[in-house]
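Data block for work.cif (mmCIF, C-alpha atoms):
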data_structure
loop_
_atom_site.label_atom_id
_atom_site.label_comp_id
_atom_site.auth_asym_id
_atom_site.auth_seq_id
_atom_site.Cartn_x
_atom_site.Cartn_y
_atom_site.Cartn_z
CA MET A 1 60.01 107.74 92.47
CA ARG A 2 58.82 111.00 93.97
CA LEU A 3 61.52 113.67 94.28
CA SER A 4 59.85 114.94 97.43
CA ALA A 5 60.81 111.72 99.15
CA LEU A 6 64.49 112.60 98.90
CA LEU A 7 64.39 116.34 99.49
CA PRO A 8 64.49 116.29 103.33
CA LEU A 9 67.38 113.86 103.24
CA LEU A 10 69.50 115.75 100.73
CA ALA A 11 68.95 118.97 102.61
CA ALA A 12 70.06 117.37 105.88
CA VAL A 13 72.93 115.07 104.80
CA PRO A 14 75.95 115.55 107.09
CA LEU A 15 78.19 118.14 105.47
CA VAL A 16 81.78 119.08 106.11
CA ALA A 17 83.74 121.80 104.31
CA PHE A 18 86.28 120.04 102.12
CA PRO A 19 87.75 120.90 98.69
CA THR A 20 87.38 118.47 95.79
CA THR A 21 87.97 118.26 92.08
CA ALA A 22 84.63 120.02 91.58
CA ALA A 23 86.58 123.29 91.67
CA ALA A 24 87.89 122.71 88.14
CA THR A 25 86.14 125.75 86.69
CA PRO A 26 87.06 128.99 88.49
CA GLY A 27 84.12 131.25 89.21
CA CYS A 28 81.54 128.46 88.92
CA PHE A 29 82.41 126.09 91.80
CA ASP A 30 83.21 127.01 95.37
CA PRO A 31 85.78 124.57 96.82
CA ALA A 32 84.96 125.77 100.34
CA ALA A 33 81.33 124.59 100.14
CA ALA A 34 80.51 121.74 102.50
CA LEU A 35 80.45 118.16 101.18
CA THR A 36 79.19 114.85 102.54
CA VAL A 37 81.55 112.34 104.11
CA GLU A 38 81.14 110.17 101.02
CA GLU A 39 82.09 113.02 98.71
CA GLN A 40 85.18 113.82 100.79
CA ARG A 41 86.59 110.41 99.89
CA LEU A 42 87.11 111.65 96.32
CA THR A 43 90.55 112.84 97.43
CA ALA A 44 91.49 109.52 99.10
CA ALA A 45 94.55 107.76 97.71
CA LEU A 46 95.98 104.36 98.56
CA PRO A 47 98.37 104.15 101.53
CA ALA A 48 101.14 103.37 99.02
CA GLY A 49 100.48 106.66 97.26
CA GLY A 50 99.44 107.46 93.72
CA PRO A 51 96.44 109.35 92.34
CA ALA A 52 93.13 109.69 94.18
CA VAL A 53 91.38 106.35 93.73
CA GLY A 54 87.87 107.48 92.83
CA PRO A 55 88.79 109.94 90.06
CA GLU A 56 91.35 107.48 88.68
CA LEU A 57 88.71 104.74 88.37
CA VAL A 58 86.44 107.23 86.60
CA ARG A 59 89.27 108.06 84.20
CA LEU A 60 90.17 104.43 83.53
CA ALA A 61 86.53 103.67 82.67
CA GLY A 62 86.34 106.57 80.23
CA PHE A 63 83.70 108.43 82.26
CA ASP A 64 85.74 111.59 82.84
CA PRO A 65 84.57 113.33 79.60
CA LEU A 66 80.95 112.84 80.71
CA VAL A 67 81.74 114.33 84.14
CA ALA A 68 83.57 117.27 82.57
CA GLU A 69 80.75 117.92 80.12
CA VAL A 70 78.12 118.03 82.86
CA LYS A 71 80.24 120.45 84.88
CA HIS A 72 80.66 122.65 81.80
CA ASP A 73 76.93 122.61 81.14
CA LEU A 74 76.22 123.56 84.75
CA CYS A 75 78.48 126.57 84.45
CA ALA A 76 76.83 127.51 81.16
CA ALA A 77 73.28 127.27 82.54
CA ARG A 78 71.61 130.67 82.77
CA THR A 79 68.18 129.74 84.16
CA PRO A 80 66.86 127.34 86.84
CA ARG A 81 64.90 125.46 84.16
CA ARG A 82 68.03 124.89 82.09
CA ALA A 83 69.94 123.78 85.18
CA GLU A 84 67.23 121.27 86.07
CA ARG A 85 67.36 119.85 82.55
CA VAL A 86 71.16 119.52 82.71
CA VAL A 87 71.01 117.76 86.07
CA THR A 88 68.16 115.40 85.22
CA GLN A 89 69.72 114.40 81.93
CA ALA A 90 73.09 113.93 83.64
CA GLY A 91 71.72 111.38 86.12
CA ASP A 92 69.87 109.39 83.47
CA ARG A 93 72.85 109.55 81.11
CA LEU A 94 75.30 108.37 83.77
CA TRP A 95 73.18 105.33 84.62
CA ARG A 96 72.56 104.39 81.00
CA THR A 97 76.23 104.83 80.13
CA ALA A 98 77.24 102.61 83.06
CA VAL A 99 74.73 99.92 82.04
CA ASP A 100 75.77 100.05 78.38
CA ARG A 101 79.44 99.84 79.28
CA ALA A 102 78.85 96.96 81.71
CA GLN A 103 76.87 94.98 79.11
CA GLY A 104 79.47 95.48 76.39
CA ARG A 105 77.71 98.09 74.26
CA ARG A 106 80.37 100.77 74.87
CA PRO A 107 83.76 99.18 74.07
CA ASP A 108 85.02 102.69 73.35
CA LEU A 109 84.92 103.63 77.04
CA GLY A 110 88.21 103.16 78.82
CA THR A 111 90.41 100.19 79.61
CA LEU A 112 88.97 99.13 82.97
CA ASP A 113 87.13 95.81 83.19
CA ARG A 114 83.58 96.45 81.95
CA PHE A 115 82.11 94.51 84.90
CA ASP A 116 83.53 97.05 87.37
CA ASP A 117 80.79 98.91 89.28
CA ARG A 118 83.12 101.44 90.91
CA PRO A 119 83.29 104.06 88.11
CA LEU A 120 79.53 104.65 88.39
CA TYR A 121 79.80 105.18 92.14
CA TRP A 122 82.72 107.60 91.98
CA ALA A 123 81.41 109.52 88.96
CA ARG A 124 78.13 109.99 90.81
CA LEU A 125 80.05 111.45 93.75
CA GLN A 126 82.08 113.71 91.48
CA LEU A 127 78.88 115.16 90.04
CA SER A 128 76.97 115.39 93.33
CA SER A 129 79.90 117.25 94.87
CA ALA A 130 80.00 119.55 91.83
CA LEU A 131 76.29 120.23 92.28
CA ARG A 132 76.82 120.99 95.94
CA GLN A 133 79.72 123.37 95.21
CA TRP A 134 78.17 124.94 92.11
CA ARG A 135 77.61 128.68 92.36
CA PRO A 136 75.27 129.70 89.51
CA ALA A 137 74.99 133.20 88.12
CA PHE A 138 71.32 133.32 89.13
CA PRO A 139 69.36 132.69 92.35
CA LEU A 140 68.98 128.95 92.86
CA PRO A 141 65.57 128.24 94.41
CA ASP A 142 66.05 124.58 95.37
CA ARG A 143 69.48 122.90 95.24
CA ALA A 144 68.13 119.86 97.13
CA ARG A 145 65.64 119.23 94.34
CA LEU A 146 68.42 119.18 91.76
CA LEU A 147 70.50 116.81 93.90
CA ALA A 148 67.49 114.51 94.26
CA ALA A 149 66.79 114.52 90.53
CA PHE A 150 70.40 113.70 89.69
CA ASP A 151 70.69 110.97 92.31
CA ARG A 152 67.42 109.38 91.22
CA GLY A 153 68.50 109.14 87.61
CA SER A 154 72.03 107.95 88.34
CA ARG A 155 70.65 104.96 90.29
CA GLY A 156 68.30 103.79 87.55
CA LEU A 157 65.26 104.89 89.54
CA GLY A 158 64.01 107.04 86.68
CA ASP A 159 63.58 104.30 84.08
CA VAL A 160 61.98 101.40 85.95
CA ARG A 161 59.17 100.71 83.52
CA PHE A 162 58.36 97.24 82.29
CA PRO A 163 56.94 96.72 78.80
CA LEU A 164 53.24 95.96 78.43
CA GLY A 165 52.26 92.41 77.67
CA HIS A 166 55.56 90.80 78.69
CA PRO A 167 54.91 87.36 80.21
CA ARG A 168 57.35 87.63 83.14
CA ARG A 169 58.92 90.58 84.93
CA ILE A 170 61.58 90.69 87.66
CA MET A 171 62.87 93.74 89.51
CA VAL A 172 66.21 93.61 91.33
CA SER A 173 68.39 96.03 93.25
CA GLY A 174 72.08 96.22 94.07
CA PHE A 175 74.13 98.46 96.33
CA ASP A 176 76.97 100.95 96.21
CA PRO A 177 80.41 99.92 97.50
CA PHE A 178 80.82 100.34 101.26
CA GLN A 179 83.46 100.12 104.02
CA LEU A 180 85.56 102.55 101.97
CA ASP A 181 87.83 104.09 104.59
CA GLY A 182 91.59 103.50 104.44
CA SER A 183 92.63 100.78 101.99
CA GLY A 184 88.93 99.96 101.57
CA VAL A 185 88.68 102.86 99.12
CA ARG A 186 89.33 100.27 96.38
CA ILE A 187 86.27 98.18 97.29
CA SER A 188 83.81 97.05 94.62
CA ASN A 189 80.34 95.67 95.35
CA PRO A 190 79.38 92.62 93.26
CA ALA A 191 75.71 93.34 93.98
CA GLY A 192 76.03 96.72 92.26
CA ALA A 193 77.97 95.10 89.42
CA SER A 194 75.19 92.51 89.06
CA ALA A 195 72.51 95.22 88.85
CA LEU A 196 74.40 96.78 85.93
CA GLN A 197 74.59 93.40 84.19
CA LEU A 198 70.87 92.73 84.66
CA ASP A 199 69.17 96.03 83.87
CA GLY A 200 67.04 95.72 80.74
CA ARG A 201 68.04 92.14 79.98
CA VAL A 202 65.58 89.48 78.86
CA LEU A 203 66.17 86.13 80.55
CA SER A 204 65.11 82.78 79.14
CA THR A 205 63.21 80.87 81.86
CA PRO A 206 61.13 77.66 81.89
CA SER A 207 58.06 79.90 82.15
CA GLY A 208 59.05 81.97 79.13
CA PRO A 209 61.13 85.11 78.65
CA ALA A 210 61.47 87.44 81.64
CA VAL A 211 62.50 91.08 81.41
CA VAL A 212 64.59 92.63 84.20
CA GLN A 213 64.66 96.13 85.62
CA ALA A 214 67.44 97.02 88.07
CA VAL A 215 68.32 99.87 90.41
CA SER A 216 71.18 100.55 92.81
CA PHE A 217 70.70 101.70 96.41
CA PRO A 218 72.98 103.89 98.55
CA VAL A 219 74.58 102.52 101.70
CA VAL A 220 73.13 105.37 103.76
CA TRP A 221 70.59 105.00 106.57
CA GLY A 222 69.04 108.39 105.81
CA TYR A 223 67.97 107.44 102.30
CA PHE A 224 66.18 104.42 103.75
CA ASP A 225 64.50 106.64 106.36
CA GLU A 226 63.12 108.76 103.53
CA GLY A 227 61.66 105.74 101.76
CA ILE A 228 63.95 105.14 98.78
CA VAL A 229 63.28 101.38 98.85
CA GLU A 230 59.50 101.77 99.07
CA ALA A 231 59.51 104.43 96.36
CA ALA A 232 61.50 102.17 94.04
CA TYR A 233 59.68 98.88 94.58
CA GLY A 234 56.33 100.33 95.62
CA SER A 235 56.06 102.44 92.49
CA ALA A 236 56.72 99.40 90.31
CA LEU A 237 54.30 97.24 92.27
CA ARG A 238 51.52 99.84 92.04
CA ASP A 239 51.65 99.76 88.24
CA ARG A 240 48.92 97.16 87.64
CA ALA A 241 49.63 96.82 83.95
CA ARG A 242 53.37 96.37 84.34
CA ARG A 243 54.04 95.23 87.92
CA PRO A 244 56.85 92.71 88.46
CA ASP A 245 56.13 89.05 89.18
CA VAL A 246 59.29 88.81 91.28
CA ILE A 247 61.23 91.33 93.36
CA MET A 248 64.71 90.44 94.62
CA THR A 249 67.07 92.67 96.55
CA ILE A 250 70.75 91.75 96.21
CA SER A 251 73.76 92.60 98.38
CA GLN A 252 77.23 91.33 99.22
CA GLY A 253 77.19 88.74 102.00
CA ARG A 254 79.36 85.89 103.25
CA PRO A 255 82.68 84.55 101.95
CA GLY A 256 82.60 81.74 99.43
CA ARG A 257 78.86 81.25 98.90
CA PHE A 258 75.52 82.63 97.81
CA ASP A 259 72.68 82.80 100.33
CA VAL A 260 68.97 82.98 99.66
CA GLU A 261 67.76 84.54 102.92
CA ARG A 262 64.62 83.10 104.50
CA TRP A 263 63.90 85.89 107.03
CA ALA A 264 64.19 89.67 107.06
CA GLY A 265 63.98 91.36 110.46
CA ALA A 266 62.78 94.78 111.63
CA TRP A 267 65.96 95.83 113.47
CA ARG A 268 68.95 98.08 112.72
CA GLY A 269 72.18 97.05 114.38
CA GLY A 270 73.92 100.41 114.15
CA PHE A 271 76.86 99.63 111.86
CA PRO A 272 78.13 102.90 110.30
CA ASP A 273 76.98 103.75 106.78
CA ASN A 274 78.95 105.47 104.01
CA ASN A 275 78.56 108.81 105.79
CA ASN A 276 79.85 107.23 109.02
CA VAL A 277 76.39 107.55 110.59
CA SER A 278 75.16 104.81 112.94
CA VAL A 279 71.50 104.05 113.64
CA THR A 280 70.17 101.48 116.12
CA GLY A 281 66.56 100.48 116.71
CA GLY A 282 63.49 99.23 114.89
CA VAL A 283 63.07 99.78 111.15
CA PRO A 284 60.77 102.82 110.88
CA PRO A 285 57.80 102.96 108.52
CA ALA A 286 58.02 104.92 105.27
CA ALA A 287 55.52 107.74 104.99
CA GLY A 288 52.85 107.40 102.34
CA TRP A 289 53.06 103.64 101.81
CA PRO A 290 50.79 100.88 103.14
CA GLN A 291 52.85 98.53 105.28
CA PRO A 292 52.01 96.01 107.98
CA ASP A 293 53.47 96.26 111.49
CA VAL A 294 55.52 93.05 111.50
CA GLN A 295 58.82 91.92 112.99
CA PHE A 296 59.82 89.30 110.41
CA ILE A 297 59.01 88.70 106.75
CA GLU A 298 59.64 85.33 105.13
CA THR A 299 60.92 84.97 101.58
CA THR A 300 58.56 83.81 98.86
CA LEU A 301 61.29 83.40 96.26
CA PRO A 302 61.34 79.98 94.57
CA TYR A 303 64.40 78.96 96.57
CA ALA A 304 64.18 75.26 95.65
CA ARG A 305 64.77 76.16 92.01
CA MET A 306 67.52 78.62 92.99
CA LEU A 307 69.31 75.98 95.06
CA GLU A 308 69.59 73.84 91.93
CA VAL A 309 71.83 76.44 90.27
CA THR A 310 75.41 75.34 89.80
CA GLY A 311 78.26 77.75 89.26
CA ALA A 312 81.54 78.92 90.71
CA TYR A 313 79.99 79.22 94.19
CA PRO A 314 77.55 77.02 96.14
CA VAL A 315 74.04 78.33 96.84
CA ASN A 316 72.69 78.05 100.40
CA PHE A 317 69.24 78.61 101.90
CA ASN A 318 69.92 80.53 105.10
CA GLN A 319 67.20 80.02 107.71
CA ALA A 320 68.83 81.88 110.62
CA PHE A 321 67.32 84.80 112.54
CA CYS A 322 67.78 86.37 115.98
CA VAL A 323 65.35 87.75 118.57
CA TRP A 324 65.77 89.85 121.69
CA PRO A 325 65.50 87.79 124.90
CA ASP A 326 62.94 90.15 126.45
CA PRO A 327 60.29 91.41 124.00
CA ALA A 328 59.49 94.27 126.37
CA HIS A 329 63.06 95.59 126.16
CA PRO A 330 64.35 95.31 122.57
CA GLY A 331 68.03 96.17 122.32
CA ALA A 332 68.81 94.83 125.80
CA GLY A 333 70.60 91.57 126.48
CA THR A 334 72.16 89.02 124.15
CA PRO A 335 70.13 88.10 121.07
CA VAL A 336 68.94 84.52 120.77
CA CYS A 337 69.59 83.10 117.31
CA ARG A 338 67.67 80.14 115.87
CA SER A 339 66.83 78.43 112.59
CA ASP A 340 63.19 77.39 113.05
CA ALA A 341 60.61 80.20 112.77
CA PRO A 342 59.91 83.34 114.83
CA ALA A 343 57.08 82.97 117.34
CA PRO A 344 54.26 85.51 117.73
CA GLY A 345 55.34 88.40 119.95
CA GLU A 346 59.07 87.90 119.44
CA ILE A 347 61.05 91.06 118.57
CA ALA A 348 63.61 90.93 115.78
CA ALA A 349 67.27 91.49 116.57
CA SER A 350 68.39 90.31 113.13
CA GLY A 351 67.11 88.63 110.03
CA GLY A 352 69.16 85.89 108.41
CA GLY A 353 70.50 88.69 106.25
CA GLY A 354 71.85 90.51 109.31
CA ASN A 355 70.74 93.88 110.68
CA TYR A 356 72.40 96.24 108.23
CA LEU A 357 71.01 97.82 105.07
CA SER A 358 70.94 94.60 103.04
CA ASN A 359 68.50 93.05 105.50
CA GLU A 360 66.55 96.30 105.52
CA SER A 361 66.27 96.35 101.73
CA MET A 362 64.59 92.94 101.85
CA PHE A 363 62.38 93.96 104.77
CA ARG A 364 61.23 97.27 103.29
CA SER A 365 60.62 96.02 99.75
CA ASN A 366 58.56 93.08 100.98
CA ARG A 367 56.78 95.09 103.67
CA VAL A 368 55.40 97.40 101.00
CA ARG A 369 54.62 94.37 98.81
CA LEU A 370 52.52 92.91 101.62
CA GLY A 371 51.01 96.31 102.40
CA LEU A 372 49.77 96.47 98.82
CA GLY A 373 48.25 93.02 99.21
CA LEU A 374 50.45 91.46 96.52
CA THR A 375 50.97 88.04 98.05
CA SER A 376 51.15 86.49 94.57
CA VAL A 377 54.32 88.46 93.81
CA ALA A 378 57.44 86.56 94.90
CA GLY A 379 59.92 88.51 97.00
CA GLY A 380 63.16 88.01 98.89
CA HIS A 381 66.88 88.64 99.12
CA LEU A 382 70.04 87.18 97.60
CA HIS A 383 73.44 87.59 99.22
CA THR A 384 76.45 87.24 96.92
CA PRO A 385 79.86 85.95 97.99
CA VAL A 386 82.35 88.49 99.31
CA LEU A 387 84.45 89.77 96.42
CA GLY A 388 87.53 90.89 98.35
CA GLN A 389 90.17 93.26 96.98
CA PRO A 390 93.09 93.08 94.54
CA THR A 391 96.03 91.14 95.98
CA ASP A 392 98.58 93.93 95.56
CA PRO A 393 97.71 96.66 98.10
CA ALA A 394 98.96 99.25 95.61
CA ALA A 395 96.77 98.01 92.72
CA LEU A 396 93.29 99.20 91.79
CA THR A 397 92.50 95.93 90.02
CA ASP A 398 94.04 92.63 88.93
CA ALA A 399 93.08 89.58 86.89
CA ASP A 400 91.95 87.44 89.84
CA PHE A 401 89.85 90.27 91.29
CA GLU A 402 88.15 90.78 87.93
CA ALA A 403 87.63 87.04 87.41
CA ARG A 404 85.93 86.69 90.80
CA ARG A 405 83.59 89.57 90.06
CA ARG A 406 82.71 88.15 86.64
CA ALA A 407 82.02 84.73 88.16
CA ILE A 408 79.76 86.23 90.84
CA THR A 409 77.78 88.38 88.41
CA ALA A 410 77.38 85.49 85.96
CA GLU A 411 75.92 83.33 88.72
CA VAL A 412 73.63 86.16 89.85
CA VAL A 413 72.20 86.26 86.32
CA THR A 414 71.58 82.51 86.49
CA LEU A 415 69.97 82.82 89.94
CA ALA A 416 67.78 85.69 88.74
CA THR A 417 66.72 83.49 85.83
CA ALA A 418 65.77 80.72 88.26
CA ALA A 419 63.88 83.18 90.46
CA ALA A 420 61.99 84.63 87.49
CA GLY A 421 60.99 81.16 86.29
CA GLY A 422 59.01 80.35 89.43
CA SER A 423 58.59 76.99 91.16
CA SER A 424 56.29 74.99 93.38
CA VAL A 425 56.55 75.40 97.15
CA ALA A 426 59.38 73.35 98.59
CA VAL A 427 60.28 72.06 102.03
CA ALA A 428 63.21 73.93 103.56
CA PRO A 429 66.45 71.92 103.53
CA PRO A 430 68.12 70.91 106.82
CA VAL A 431 70.14 73.56 108.66
CA THR A 432 73.87 72.95 108.30
CA GLU A 433 75.44 75.61 110.56
CA SER A 434 74.72 77.49 113.76
CA ALA A 435 72.28 80.36 113.46
CA GLN A 436 74.57 82.64 115.47
CA ALA A 437 77.49 82.04 113.08
CA ALA A 438 75.30 82.43 110.00
CA VAL A 439 74.11 85.86 111.08
CA ALA A 440 77.34 87.16 112.62
CA SER A 441 79.33 86.40 109.45
CA LEU A 442 77.61 89.16 107.49
CA PRO A 443 79.29 92.54 106.89
CA GLY A 444 77.62 95.26 108.94
CA THR A 445 75.85 92.92 111.35
CA VAL A 446 76.07 93.92 115.01
CA LEU A 447 75.01 91.37 117.65
CA PRO A 448 75.75 92.56 121.22
CA GLY A 449 76.77 90.19 123.97
#
Hey, can you dump this file as C-alpha cells for me?
Amino acid sequence: MRLSALLPLLAAVPLVAFPTTAAATPGCFDPAAALTVEEQRLTAALPAGGPAVGPELVRLAGFDPLVAEVKHDLCAARTPRRAERVVTQAGDRLWRTAVDRAQGRRPDLGTLDRFDDRPLYWARLQLSSALRQWRPAFPLPDRARLLAAFDRGSRGLGDVRFPLGHPRRIMVSGFDPFQLDGSGVRISNPAGASALQLDGRVLSTPSGPAVVQAVSFPVVWGYFDEGIVEAAYGSALRDRARRPDVIMTISQGRPGRFDVERWAGAWRGGFPDNNNVSVTGGVPPAAGWPQPDVQFIETTLPYARMLEVTGAYPVNFNQAFCVWPDPAHPGAGTPVCRSDAPAPGEIAASGGGGNYLSNESMFRSNRVRLGLGLTSVAGGHLHTPVLGQPTDPAALTDADFEARRRAITAEVVTLATAAAGGSSVAVAPPVTESAQAAVASLPGTVLPG
C-alpha cells in the first residue's frame, strides 16, 4: 500500500485538544496536542466506573510493555530516520503480536481471551495518540508520513504477500470495533477477530490447500475516500505471480445469522463513523485505480458451497438491495427495496449489505477487481452475526461473550475454507424475508422515509 494514499487523510483527520496517557514521559509528549475523536476515547470508562476501558484491555492482553517500549524508543530517537524505523517496526510488530496471540502462539501475553480483537484496536490508538503528541528533540519534517506508516503496519497492510507457487490464495479483511460511545466502549468486532484468526493460515479445501492473508480496516469514511480498500486489495490483485483467487470482505451484520451478500451498492447512507463524521452520497472513485462506473456489483463467491456450512449459526444468501425511486434525484424520496436484480439505469440506495462501510468495502474491493479485468477472481462479502456485549454492564468480558466470539470466528474460518475451495455456479435460493427488513436490520444502514 502506498503511504501517499494515506497522507492527506492523516493530515486532515478531525482533531480536538484532549490529554491522554501518551503524556507518560515528561518532556517528550505534549498532552495539549490535538487528538482524533477515536483517540479521545482512550480515557472513557464504563458508566459504573473503574479504569479506562481501552488501556485496561491493552493491559489485560499483555500489550502494555510493547506500547511502553515504543514510546520509550520514540523519546530516544535522535534523527528522523531513526524515528521512521521505530514507527514502521512498531506497526508491523503490533499486528504480528496480535495475530500470534490470537492464534495461540503467545500464551505468555496476558489473561484476556486470545480471540479478543479489542487490545489491538486500543493499543493502536495509544500509539497513534503518542505519535500525535510526540515532541522530538529535532525538526520533524513529516508527522503524517509516520502516522501513515504506523497505521499501515498495524492493520496488516504491510505484509500481504502470498507465497509463490501456492495452489490457492484467499485475501480477507475485517474491521475495527465501532459504535463505541457510552457503554459501547466495550464493543468487540467479530470480523476483526476473524481476520486475526485467519492471517497466514493454510486452509484445507477440496481444491487443495489455500493460504490466507488478512487485513483490518478502520471504521472511518476518510480512509475509504483516500483509497485504503483499493490499495489493499488492488495491490494484491496486481501481483500477477501471487494474486489471490478469492477476495472476501467481512464485517459484523445481523443478529443470529451469517449472510453472504449478493449485491453491493454505490451509496453512503451517512451513519457516523468512529470519528463521528457522517457522509451521504455516492461512493466516490479512488484515485489511481481502474474502476468501472457502476451502481451495483454482484458477488461471485461460491455461495452454494458456503450455504452448505453448518455451525453455531445458520448461513443465509441475502439477495436484497434498494434503489432510489427517481434516478434523476438520488437521495430524494423513499428507497424501493427488492430481491430480484437491479435494472439498467437504477441508482443504488443500498446494497444487501446496507449503505455503511461494510457494504462499501465489498463495493470498492470488487470495483477495483473488475477494473483490473479479473473476472476469474471470486469476490464478495460475508456478514457475521452480531456479537453483543458482556451481560454485566460493569464487566469487560464474560464466558458467554467469549464463547459467542469463538463460535463466530470458528465458523468464519469454515466459511473462508468453503469460499477458497470454489464451486460451480448455483441458482440463487428463494427469498425468505422482505428486502426492506433485510437491509434495515444492518448496523449503520440509513434508509430515509
What are the centre and edge lengths in Å, to one decimal, of the axis-aligned box around all listed atoms of stretch 190-198 of chain A with 5 Å added on each side, as AutoDock Vina command-line options?
--center_x 75.1 --center_y 94.6 --center_z 89.1 --size_x 18.5 --size_y 14.3 --size_z 19.8
If the PyMOL selection byres ((chain A and resi 253) around 9) is run on the structure shown, which residues does it catch, given as a ChimeraX atom specification?
-> /A:251-252,254-255,257-259,353,358,382-386,441-443
Evaluate the PyMOL selection byres ((chain A and resi 155) around 7) and record the selected residues as a ChimeraX atom specification, following the chain and residue labels used in the document.
-> /A:95,151-154,156-157,215-217
I'd like to see the residues matched by the PyMOL selection byres ((chain A and resi 219) around 6) on this file, and ideally I'd get them as a PDB file with C-alpha atoms, keeping the file's coordinate frame.
ATOM      1  CA  PRO A 218      72.980 103.890  98.550  1.00  0.00           C
ATOM      2  CA  VAL A 220      73.130 105.370 103.760  1.00  0.00           C
ATOM      3  CA  ASP A 273      76.980 103.750 106.780  1.00  0.00           C
ATOM      4  CA  ASN A 274      78.950 105.470 104.010  1.00  0.00           C
TER       5      ASN A 274
END
Restricting to all atoms listed in the file, whichever of A:Leu35, A:Leu60, A:Val86, A:Leu94 is closest to A:Ser129 is A:Leu35
Test item: residues at most 12 Å from A:Pro342, only C-alpha atoms, excluding those fewer than 3 positions along its chain, as an mmCIF file with C-alpha atoms, keeping the file's coordinate frame:
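After the write, selection_37.cif holds the following:
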data_model
loop_
_atom_site.group_PDB
_atom_site.id
_atom_site.type_symbol
_atom_site.label_atom_id
_atom_site.label_comp_id
_atom_site.auth_asym_id
_atom_site.auth_seq_id
_atom_site.Cartn_x
_atom_site.Cartn_y
_atom_site.Cartn_z
ATOM 1 C CA ARG A 262 64.620 83.100 104.500
ATOM 2 C CA TRP A 263 63.900 85.890 107.030
ATOM 3 C CA ALA A 264 64.190 89.670 107.060
ATOM 4 C CA GLY A 265 63.980 91.360 110.460
ATOM 5 C CA VAL A 294 55.520 93.050 111.500
ATOM 6 C CA GLN A 295 58.820 91.920 112.990
ATOM 7 C CA PHE A 296 59.820 89.300 110.410
ATOM 8 C CA ILE A 297 59.010 88.700 106.750
ATOM 9 C CA GLU A 298 59.640 85.330 105.130
ATOM 10 C CA GLN A 319 67.200 80.020 107.710
ATOM 11 C CA ALA A 320 68.830 81.880 110.620
ATOM 12 C CA PHE A 321 67.320 84.800 112.540
ATOM 13 C CA CYS A 322 67.780 86.370 115.980
ATOM 14 C CA VAL A 323 65.350 87.750 118.570
ATOM 15 C CA TRP A 324 65.770 89.850 121.690
ATOM 16 C CA VAL A 336 68.940 84.520 120.770
ATOM 17 C CA CYS A 337 69.590 83.100 117.310
ATOM 18 C CA ARG A 338 67.670 80.140 115.870
ATOM 19 C CA SER A 339 66.830 78.430 112.590
ATOM 20 C CA GLY A 345 55.340 88.400 119.950
ATOM 21 C CA GLU A 346 59.070 87.900 119.440
ATOM 22 C CA ILE A 347 61.050 91.060 118.570
ATOM 23 C CA ALA A 348 63.610 90.930 115.780
ATOM 24 C CA ALA A 349 67.270 91.490 116.570
ATOM 25 C CA SER A 350 68.390 90.310 113.130
ATOM 26 C CA GLY A 351 67.110 88.630 110.030
ATOM 27 C CA GLY A 352 69.160 85.890 108.410
#
Can you work out which one of A:Ala34, A:Val377, A:Val99, A:Ile247 has the shortest atom-to-atom distance to A:Asp199, counting all atoms listed in the file?
-> A:Val99
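Remark: for A:Ala45, the closest of the candidate residues A:Gly270, A:Gly282, A:Gly331, A:Gly182 is A:Gly182 (distances computed over only C-alpha atoms).
In terms of minimum interatomic distance to A:Pro209, A:Ile170 ranks closest within A:Leu307, A:Val283, A:Leu46, A:Ile170, counting all atoms listed in the file.
The space between atom CA of A:Thr97 and atom CA of A:Asp116 spans 12.9 Å.
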Considering all atoms listed in the file, return as a PyMOL selection string whatever protein or nucleic-acid residues lie within 10 Å of A:Leu237, sequence-local ones (same chain, fewer than 2 positions apart) excluded.
-> chain A and resi 171+230-235+239-247+365+368-369+372+374+377
Would you export the selected residues with C-alpha atoms as a PDB file, keeping the file's coordinate frame, please?
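File written: again19.pdb
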ATOM      1  CA  MET A 171      62.870  93.740  89.510  1.00  0.00           C
ATOM      2  CA  GLU A 230      59.500 101.770  99.070  1.00  0.00           C
ATOM      3  CA  ALA A 231      59.510 104.430  96.360  1.00  0.00           C
ATOM      4  CA  ALA A 232      61.500 102.170  94.040  1.00  0.00           C
ATOM      5  CA  TYR A 233      59.680  98.880  94.580  1.00  0.00           C
ATOM      6  CA  GLY A 234      56.330 100.330  95.620  1.00  0.00           C
ATOM      7  CA  SER A 235      56.060 102.440  92.490  1.00  0.00           C
ATOM      8  CA  ASP A 239      51.650  99.760  88.240  1.00  0.00           C
ATOM      9  CA  ARG A 240      48.920  97.160  87.640  1.00  0.00           C
ATOM     10  CA  ALA A 241      49.630  96.820  83.950  1.00  0.00           C
ATOM     11  CA  ARG A 242      53.370  96.370  84.340  1.00  0.00           C
ATOM     12  CA  ARG A 243      54.040  95.230  87.920  1.00  0.00           C
ATOM     13  CA  PRO A 244      56.850  92.710  88.460  1.00  0.00           C
ATOM     14  CA  ASP A 245      56.130  89.050  89.180  1.00  0.00           C
ATOM     15  CA  VAL A 246      59.290  88.810  91.280  1.00  0.00           C
ATOM     16  CA  ILE A 247      61.230  91.330  93.360  1.00  0.00           C
ATOM     17  CA  SER A 365      60.620  96.020  99.750  1.00  0.00           C
ATOM     18  CA  VAL A 368      55.400  97.400 101.000  1.00  0.00           C
ATOM     19  CA  ARG A 369      54.620  94.370  98.810  1.00  0.00           C
ATOM     20  CA  LEU A 372      49.770  96.470  98.820  1.00  0.00           C
ATOM     21  CA  LEU A 374      50.450  91.460  96.520  1.00  0.00           C
ATOM     22  CA  VAL A 377      54.320  88.460  93.810  1.00  0.00           C
TER      23      VAL A 377
END
Rounded to one decimal place, report the atom CA of A:Glu84-atom CA of A:Asp108 distance in Å.
-> 28.7 Å
